[in-house]
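Structure first, commentary second.
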Amino acid sequence: MFTHTTKVNELNRVDIEDINEAVMDGMLKYIYTGKCDDSDELAEELLAAADKYDLCGLKIICAKKLIRRLSIENATNVLILADMHHFEDLKHQVIKFIVTNCTEVLNTEAWLENLSSNLKLANEVCQAIARK
């Protein structure tokens, strides 16, 4: 990036425009310290950044925070997030939660609105429910 004739090379800096300052701060804290203690409210965004920059340890920290906060209301969104960022362990844990709470989760607005556009993921959940 810095060896070719580009705007990045001319300015001697990289502008990252798809990650906000708080998320970048959390990501840099993780890179330098291996810790990410203040990330509860940023866990979803940090998971996306960790996936983009291949920070597996940060993905695990974020997944643990998301699992701790998992609820009937947010299960669908966390499932979609796990699938979008290729985090199979998190996805399986959320599916397990949905199976246990299927009546409530499948009646939420998030389930009805969001999974209608992701039939593959809805099918995975339905298969898990059927196996139960």
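Each chain in the structure tokens gets a letter, A, B, ..., in the order shown, and its residues are numbered from 1; ligands are numbered from 1 in order too.
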
Residues near segment 87-96 of chain A, cut-off 9 Å, only C-alpha atoms, skip fewer than 4 positions along chain, as a ChimeraX atom specification: /A:51,59-60,63-64,66-67,70,75-76,78-83,100-101,124-125,128-129

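Shortest atom-to-atom contact with Gly26 of chain A among A:Ala122, A:Leu42, A:Ala48, A:Val99: A:Leu42, counting only C-alpha atoms.
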
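When only C-alpha atoms are used to compute distances to Arg68 of chain A, the closest of the residues A:Asn123, A:Cys102, A:Glu17, A:Glu41 turns out to be A:Glu41.
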
Exercise: Asp37 of chain A partners within 12 Å, only C-alpha atoms, chain neighbours under 2 positions left out, as a ChimeraX atom specification: /A:25-27,29-30,33-35,39-43,46,58,61-62,64-65

At a cut-off of 8 Å, can you tabulate as a Markdown table every residue of segment 67-97 of chain A near segment 107-117 of chain A together with its closest atom pair and the distance in Å to one decimal, using only C-alpha atoms and ordering rows by chain then number?
| residue | atom | partner | partner_atom | distance |
| --- | --- | --- | --- | --- |
| A:Ile72 | CA | A:Thr108 | CA | 7.7 |
| A:Glu73 | CA | A:Thr108 | CA | 6.7 |
| A:Asn74 | CA | A:Ala110 | CA | 7.7 |
| A:Thr76 | CA | A:Trp111 | CA | 5.7 |
| A:Asn77 | CA | A:Ala110 | CA | 7.1 |

Picked from chain A by DSSP as helix (DSSP H, G or I), as number ranges by chain: A: 7-11, 21-33, 40-52, 56-68, 75-84, 88-100, 102-105, 109-117, 119-131

Distance in Å - atom CA of Lys120 of chain A versus atom CA of Lys52 of chain A: 22.7 Å

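What separates atom CA of His86 of chain A from atom CA of Glu104 of chain A is a distance of 25.5 Å.
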
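Atom CA of Gly57 of chain A is found 20.2 Å from atom CA of Asn20 of chain A.
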
Leaving out Asp18 of chain A and any residue of its chain fewer than 3 positions from it, which residues lie within 12 Å of it when counting only C-alpha atoms, given as a PDB file with N, CA, C and O atoms, in the first residue's frame?
ATOM      1  N   ASP A  15      -6.786   6.155   5.498  1.00  0.00           N
ATOM      2  CA  ASP A  15      -8.089   6.570   6.012  1.00  0.00           C
ATOM      3  C   ASP A  15      -9.018   5.360   6.004  1.00  0.00           C
ATOM      4  O   ASP A  15      -9.257   4.766   4.951  1.00  0.00           O
ATOM      5  N   GLU A  21     -14.868   5.883  15.228  1.00  0.00           N
ATOM      6  CA  GLU A  21     -13.737   6.118  16.119  1.00  0.00           C
ATOM      7  C   GLU A  21     -13.762   5.218  17.355  1.00  0.00           C
ATOM      8  O   GLU A  21     -12.726   4.677  17.770  1.00  0.00           O
ATOM      9  N   ALA A  22     -14.929   5.026  17.949  1.00  0.00           N
ATOM     10  CA  ALA A  22     -15.024   4.199  19.162  1.00  0.00           C
ATOM     11  C   ALA A  22     -14.670   2.741  18.862  1.00  0.00           C
ATOM     12  O   ALA A  22     -13.984   2.087  19.656  1.00  0.00           O
ATOM     13  N   VAL A  23     -15.111   2.251  17.720  1.00  0.00           N
ATOM     14  CA  VAL A  23     -14.811   0.872  17.329  1.00  0.00           C
ATOM     15  C   VAL A  23     -13.321   0.740  17.029  1.00  0.00           C
ATOM     16  O   VAL A  23     -12.680  -0.232  17.449  1.00  0.00           O
ATOM     17  N   MET A  24     -12.767   1.697  16.325  1.00  0.00           N
ATOM     18  CA  MET A  24     -11.333   1.661  16.024  1.00  0.00           C
ATOM     19  C   MET A  24     -10.526   1.701  17.319  1.00  0.00           C
ATOM     20  O   MET A  24      -9.541   0.969  17.469  1.00  0.00           O
ATOM     21  N   GLU A  45     -20.449  -4.119  16.426  1.00  0.00           N
ATOM     22  CA  GLU A  45     -19.580  -3.411  15.483  1.00  0.00           C
ATOM     23  C   GLU A  45     -18.138  -3.922  15.563  1.00  0.00           C
ATOM     24  O   GLU A  45     -17.452  -4.025  14.546  1.00  0.00           O
ATOM     25  N   LEU A  46     -17.685  -4.236  16.765  1.00  0.00           N
ATOM     26  CA  LEU A  46     -16.339  -4.784  16.919  1.00  0.00           C
ATOM     27  C   LEU A  46     -16.217  -6.156  16.274  1.00  0.00           C
ATOM     28  O   LEU A  46     -15.175  -6.485  15.713  1.00  0.00           O
ATOM     29  N   ALA A  48     -17.771  -7.125  13.596  1.00  0.00           N
ATOM     30  CA  ALA A  48     -17.629  -6.867  12.162  1.00  0.00           C
ATOM     31  C   ALA A  48     -16.200  -6.422  11.826  1.00  0.00           C
ATOM     32  O   ALA A  48     -15.605  -6.897  10.856  1.00  0.00           O
ATOM     33  N   ALA A  49     -15.643  -5.528  12.641  1.00  0.00           N
ATOM     34  CA  ALA A  49     -14.269  -5.058  12.400  1.00  0.00           C
ATOM     35  C   ALA A  49     -13.269  -6.197  12.599  1.00  0.00           C
ATOM     36  O   ALA A  49     -12.322  -6.345  11.819  1.00  0.00           O
ATOM     37  N   LYS A  52     -13.358  -8.358   9.581  1.00  0.00           N
ATOM     38  CA  LYS A  52     -12.720  -7.699   8.437  1.00  0.00           C
ATOM     39  C   LYS A  52     -11.199  -7.751   8.528  1.00  0.00           C
ATOM     40  O   LYS A  52     -10.518  -7.972   7.531  1.00  0.00           O
TER      41      LYS A  52
END
